[in-house]
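Quick notes on the structure that follows.
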Amino acid sequence: MNTVPEVVAHFDEATHTVSYIVWDKASQRAAIIDSVLDFEQASGQVSTKSADALLSDIAARGLTVDWILDTHVHADHLSAAAYLKGKLGAPICIGANVGKVQGTFRTVFNIDDVSGKGTEFDCLLADGEKLPLGNLRIETLHTPGHTPACASYLIGDALFVGDTLFMPDYGTARCDFPGGDARTLYRSIQRLFALPASTRMFLCHDYKAPGRDKFVWETTVGEQRAKNLHIHDGIGEEEFVKMRTERDTKLSTPALLLPSVQVNVRAGQLPPPESNGTRYLKVPLTVPRH
Ligand SMILES: [Fe+2]
């Protein structure tokens, strides 16, 4: 049985996000992982240029999309999952614990049209759950830490890790979002590091580490174990937790955090229109008390 899926990456420079089309060559059955819905914060303009590029690529390759996957509720870009589902008819899947994240943001944004149970998604994937992809299988690995509901997807020799790890010269994902936890991330990454060293690892973001002049998003488990700045072999849990926690105190809020989570907890649907037909995103304000 072929265990080497075809993978093509689409990089969105505006949000530094990498979306993937992955498919079984024999059957031409495909999955989309971590799509992007374009959004211009200043004007409120939503567009589907990036998602349409995925659709064109899929059509040109003659692929049939069986699954639209997100690795987690992203905080740095809007997901095009709902738009793609409308075009392709494929179900939207995410890690089974997404309800926890929805619950948090229901409260933060005071929104009651979000279930808190993940019912906006078509399938909630348990740890170890497998989906067919032609002659291949997609195995879900729960890898919480960056958020409480992060999942990684193992397809043959290709592992899609979302925001757990970045390139070896850049390190690991932040753990200071609601429900994030550095210790949990360490343990999730050790699970990924237990896979064969030759496993191809595909990341959800790249920001170009200092001294590197090109974007890169593919590495291997072996390379991460040998070289990852934050968590290579020999870095213990306590050392990692201390580094990650200190570093997180110095990071600023992602530019698209507030729009992203409001759309992504709705599985990529925009908020419902108000009585004038317009859809709005909320900004919760922090106001000084005098
Ligand atoms: Fe993220």
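A note on labels: chains of the structure tokens are A, B, ... as shown, every chain counts residues from 1, and ligands are counted from 1 in their shown order.
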
Original post:
range 15-25 of chain A: which residues within 6 Å, counting only C-alpha atoms, same-chain residues fewer than 6 positions away excluded, as a PyMOL selection string?
Top reply: chain A and resi 5-9+31-35+134+204-206

Report as a PDB file with C-alpha atoms, in the first residue's frame which protein, DNA and RNA residues come within 12 Å of ligand 1, using only C-alpha atoms and all ligand atoms.
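Result went into out.pdb, see below:
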ATOM      1  CA  THR A  15      -0.974  35.956   7.507  1.00  0.00           C
ATOM      2  CA  HIS A  16       2.102  33.728   7.090  1.00  0.00           C
ATOM      3  CA  THR A  17      -0.251  30.739   6.911  1.00  0.00           C
ATOM      4  CA  VAL A  18       0.366  27.583   4.925  1.00  0.00           C
ATOM      5  CA  ASP A  34      -6.000  24.912   7.212  1.00  0.00           C
ATOM      6  CA  ASP A  70      -8.619  22.528  10.452  1.00  0.00           C
ATOM      7  CA  THR A  71      -5.885  21.787  12.974  1.00  0.00           C
ATOM      8  CA  HIS A  72      -7.422  24.194  15.497  1.00  0.00           C
ATOM      9  CA  VAL A  73      -9.383  27.406  15.997  1.00  0.00           C
ATOM     10  CA  HIS A  74      -6.810  29.721  14.455  1.00  0.00           C
ATOM     11  CA  ALA A  75      -6.167  33.123  16.002  1.00  0.00           C
ATOM     12  CA  ASP A  76      -4.228  34.679  13.148  1.00  0.00           C
ATOM     13  CA  HIS A  77      -6.367  34.089  10.075  1.00  0.00           C
ATOM     14  CA  LEU A  78      -9.964  33.374   9.165  1.00  0.00           C
ATOM     15  CA  SER A  79     -10.723  29.839   7.994  1.00  0.00           C
ATOM     16  CA  PRO A 144      -3.154  20.362  22.782  1.00  0.00           C
ATOM     17  CA  GLY A 145      -1.000  23.059  24.354  1.00  0.00           C
ATOM     18  CA  HIS A 146      -1.202  26.013  21.947  1.00  0.00           C
ATOM     19  CA  THR A 147      -4.986  25.673  22.398  1.00  0.00           C
ATOM     20  CA  PRO A 148      -6.877  22.960  24.299  1.00  0.00           C
ATOM     21  CA  ALA A 149      -8.322  21.513  21.086  1.00  0.00           C
ATOM     22  CA  CYS A 150      -5.346  21.371  18.694  1.00  0.00           C
ATOM     23  CA  ALA A 151      -5.042  18.314  16.486  1.00  0.00           C
ATOM     24  CA  VAL A 161       1.139  19.708  12.968  1.00  0.00           C
ATOM     25  CA  GLY A 162      -0.784  22.995  12.878  1.00  0.00           C
ATOM     26  CA  ASP A 163       0.606  25.367  15.491  1.00  0.00           C
ATOM     27  CA  THR A 164       2.599  23.056  17.709  1.00  0.00           C
ATOM     28  CA  LEU A 165       6.017  23.464  16.124  1.00  0.00           C
ATOM     29  CA  PHE A 166       7.485  25.976  13.727  1.00  0.00           C
ATOM     30  CA  THR A 172       7.372  26.404  19.003  1.00  0.00           C
ATOM     31  CA  ALA A 173       3.934  27.990  19.195  1.00  0.00           C
ATOM     32  CA  ARG A 174       2.778  30.304  21.970  1.00  0.00           C
ATOM     33  CA  CYS A 175       0.731  28.835  24.808  1.00  0.00           C
ATOM     34  CA  ASP A 176      -0.847  31.950  26.314  1.00  0.00           C
ATOM     35  CA  PHE A 177      -4.224  31.858  24.567  1.00  0.00           C
ATOM     36  CA  PRO A 178      -7.217  30.802  26.723  1.00  0.00           C
ATOM     37  CA  GLY A 180      -3.233  27.035  26.322  1.00  0.00           C
ATOM     38  CA  LEU A 203       3.825  23.403   9.490  1.00  0.00           C
ATOM     39  CA  CYS A 204       0.919  25.842   9.514  1.00  0.00           C
ATOM     40  CA  HIS A 205       3.067  28.990   9.630  1.00  0.00           C
ATOM     41  CA  ASP A 206       6.440  30.399   8.787  1.00  0.00           C
ATOM     42  CA  THR A 253      -1.678  40.119  20.445  1.00  0.00           C
ATOM     43  CA  PRO A 254      -1.949  38.743  16.883  1.00  0.00           C
ATOM     44  CA  LEU A 256      -6.338  39.260  13.455  1.00  0.00           C
ATOM     45  CA  LEU A 257      -7.044  37.562  16.803  1.00  0.00           C
ATOM     46  CA  SER A 260     -10.315  35.187  13.494  1.00  0.00           C
ATOM     47  CA  VAL A 261     -11.715  33.495  16.555  1.00  0.00           C
ATOM     48  CA  ASN A 264     -13.350  30.170  13.308  1.00  0.00           C
TER      49      ASN A 264
END

Subject >> For range 228-239 of chain A: contacts at 10 Å, only C-alpha atoms, fewer than 3 positions along chain excluded, given as an MDAnalysis selection string >> reply: chainID A and resid 165:173 182:187 189:190 193 221:225 242:244

Original post:
What is the distance between CA of Gly89 in chain A and CA of Thr48 in chain A, in Å to one decimal?
Top reply: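 It comes out at 16.7 Å.
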
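Nearest to Gly99 in chain A of all the residues A:Arg29, A:Val283, A:Pro210, A:Ala267 is A:Ala267, based on only C-alpha atoms.
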
Subject >> alpha helix (DSSP H) per DSSP on the backbone: members of range 188-272 of chain A, as a VMD selection string >> reply: chain A and resid 188 to 193 221 to 227 237 to 248 257 to 264

May I have a table of the residues of range 217-288 of chain A lying at most 12 Å from range 111-121 of chain A, giving each one's closest pair of atoms and their distance in Å to one decimal, counting only C-alpha atoms, ordered by chain and ascending residue number, as a Markdown table?
| residue | atom | partner | partner_atom | distance |
| --- | --- | --- | --- | --- |
| A:Val261 | CA | A:Val114 | CA | 11.5 |
| A:Gln262 | CA | A:Ile111 | CA | 9.1 |
| A:Val263 | CA | A:Val114 | CA | 10.2 |
| A:Asn264 | CA | A:Glu120 | CA | 10.0 |
| A:Val265 | CA | A:Val114 | CA | 7.3 |
| A:Arg266 | CA | A:Glu120 | CA | 6.0 |
| A:Ala267 | CA | A:Phe121 | CA | 5.9 |
| A:Gly268 | CA | A:Glu120 | CA | 9.2 |
| A:Gln269 | CA | A:Glu120 | CA | 8.9 |
| A:Leu270 | CA | A:Asp113 | CA | 11.4 |
| A:Pro271 | CA | A:Asp113 | CA | 8.6 |
| A:Pro272 | CA | A:Asp113 | CA | 8.5 |
| A:Pro273 | CA | A:Asp113 | CA | 11.9 |
| A:Tyr280 | CA | A:Ile111 | CA | 11.9 |
| A:Leu281 | CA | A:Ile111 | CA | 10.7 |
| A:Lys282 | CA | A:Ile111 | CA | 9.5 |
| A:Pro284 | CA | A:Ile111 | CA | 11.5 |

**OP:** Skip Ser50 in chain A itself and residues of its chain fewer than 4 positions away, then list as a list in words all residues within 7 Å of it, counting only C-alpha atoms.
**Re:**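 Contacts, with the query itself left out: Val36, Leu37, Asp38 and Leu54 of chain A.
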
Any chance you can output those residues with C-alpha atoms as a tab-separated table (two decimals), in the first residue's frame?
chain	number	residue	atom	x	y	z
A	36	VAL	CA	-7.49	30.91	4.57
A	37	LEU	CA	-10.37	33.34	4.04
A	38	ASP	CA	-8.83	36.69	3.13
A	54	LEU	CA	-7.04	26.23	-3.75

**OP:** May I have all residues of range 12-253 of chain A that DSSP, computed from the backbone, assigns to strand (DSSP E or B), given as an MDAnalysis selection string?
**Re:** chainID A and resid 12 17:24 29:33 37:40 45:47 64:69 78 92:95 123:125 130:133 136:142 151:155 158:160 165 172 200:202 205 218:220

Subject >> Residues near Leu195 in chain A, cut-off 12 Å, only C-alpha atoms, skip fewer than 3 positions along chain, as JSON, numbers by chain >> reply: {"A": [141, 154, 156, 157, 158, 159, 188, 189, 190, 191, 192, 198, 199, 200, 201, 220, 221, 222, 224, 225]}

Let me see the file: selected residues, N, CA and C atoms, as an mmCIF file, in the first residue's frame.
data_model
loop_
_atom_site.group_PDB
_atom_site.id
_atom_site.type_symbol
_atom_site.label_atom_id
_atom_site.label_comp_id
_atom_site.auth_asym_id
_atom_site.auth_seq_id
_atom_site.Cartn_x
_atom_site.Cartn_y
_atom_site.Cartn_z
ATOM 1 N N LEU A 141 -4.282 13.005 15.743
ATOM 2 C CA LEU A 141 -3.552 12.963 17.022
ATOM 3 C C LEU A 141 -3.896 14.235 17.774
ATOM 4 N N LEU A 154 -1.899 12.767 10.715
ATOM 5 C CA LEU A 154 -0.865 11.905 10.144
ATOM 6 C C LEU A 154 -1.467 11.164 8.958
ATOM 7 N N GLY A 156 -0.135 8.771 5.989
ATOM 8 C CA GLY A 156 1.042 8.057 5.488
ATOM 9 C C GLY A 156 2.280 8.573 6.202
ATOM 10 N N ASP A 157 3.263 9.044 5.418
ATOM 11 C CA ASP A 157 4.492 9.539 6.052
ATOM 12 C C ASP A 157 4.471 11.057 6.253
ATOM 13 N N ALA A 158 3.295 11.663 6.104
ATOM 14 C CA ALA A 158 3.201 13.129 6.191
ATOM 15 C C ALA A 158 2.396 13.536 7.420
ATOM 16 N N LEU A 159 2.972 14.418 8.211
ATOM 17 C CA LEU A 159 2.355 14.852 9.462
ATOM 18 C C LEU A 159 2.104 16.355 9.396
ATOM 19 N N SER A 188 2.594 17.033 24.134
ATOM 20 C CA SER A 188 2.060 16.774 22.787
ATOM 21 C C SER A 188 3.201 16.625 21.781
ATOM 22 N N ILE A 189 4.195 17.499 21.906
ATOM 23 C CA ILE A 189 5.309 17.444 20.952
ATOM 24 C C ILE A 189 6.115 16.155 21.130
ATOM 25 N N GLN A 190 6.225 15.685 22.376
ATOM 26 C CA GLN A 190 6.950 14.412 22.573
ATOM 27 C C GLN A 190 6.238 13.276 21.852
ATOM 28 N N ARG A 191 4.914 13.349 21.795
ATOM 29 C CA ARG A 191 4.147 12.339 21.041
ATOM 30 C C ARG A 191 4.527 12.378 19.564
ATOM 31 N N LEU A 192 4.621 13.593 19.032
ATOM 32 C CA LEU A 192 4.990 13.730 17.617
ATOM 33 C C LEU A 192 6.429 13.260 17.396
ATOM 34 N N SER A 198 12.042 9.958 9.883
ATOM 35 C CA SER A 198 11.900 10.356 8.475
ATOM 36 C C SER A 198 10.521 10.926 8.163
ATOM 37 N N THR A 199 9.609 10.934 9.137
ATOM 38 C CA THR A 199 8.257 11.468 8.897
ATOM 39 C C THR A 199 8.358 12.910 8.415
ATOM 40 N N ARG A 200 7.737 13.190 7.291
ATOM 41 C CA ARG A 200 7.720 14.572 6.780
ATOM 42 C C ARG A 200 6.784 15.392 7.653
ATOM 43 N N MET A 201 7.232 16.563 8.055
ATOM 44 C CA MET A 201 6.420 17.396 8.949
ATOM 45 C C MET A 201 6.090 18.716 8.240
ATOM 46 N N THR A 220 11.321 17.543 8.997
ATOM 47 C CA THR A 220 11.051 16.145 9.384
ATOM 48 C C THR A 220 11.076 16.046 10.906
ATOM 49 N N VAL A 221 10.507 14.956 11.395
ATOM 50 C CA VAL A 221 10.559 14.709 12.840
ATOM 51 C C VAL A 221 12.012 14.671 13.300
ATOM 52 N N GLY A 222 12.870 14.005 12.528
ATOM 53 C CA GLY A 222 14.284 13.879 12.916
ATOM 54 C C GLY A 222 14.978 15.225 12.996
ATOM 55 N N GLN A 224 13.566 18.153 13.550
ATOM 56 C CA GLN A 224 13.046 18.888 14.715
ATOM 57 C C GLN A 224 13.712 18.380 15.998
ATOM 58 N N ARG A 225 13.820 17.053 16.113
ATOM 59 C CA ARG A 225 14.417 16.490 17.329
ATOM 60 C C ARG A 225 15.878 16.900 17.476
#
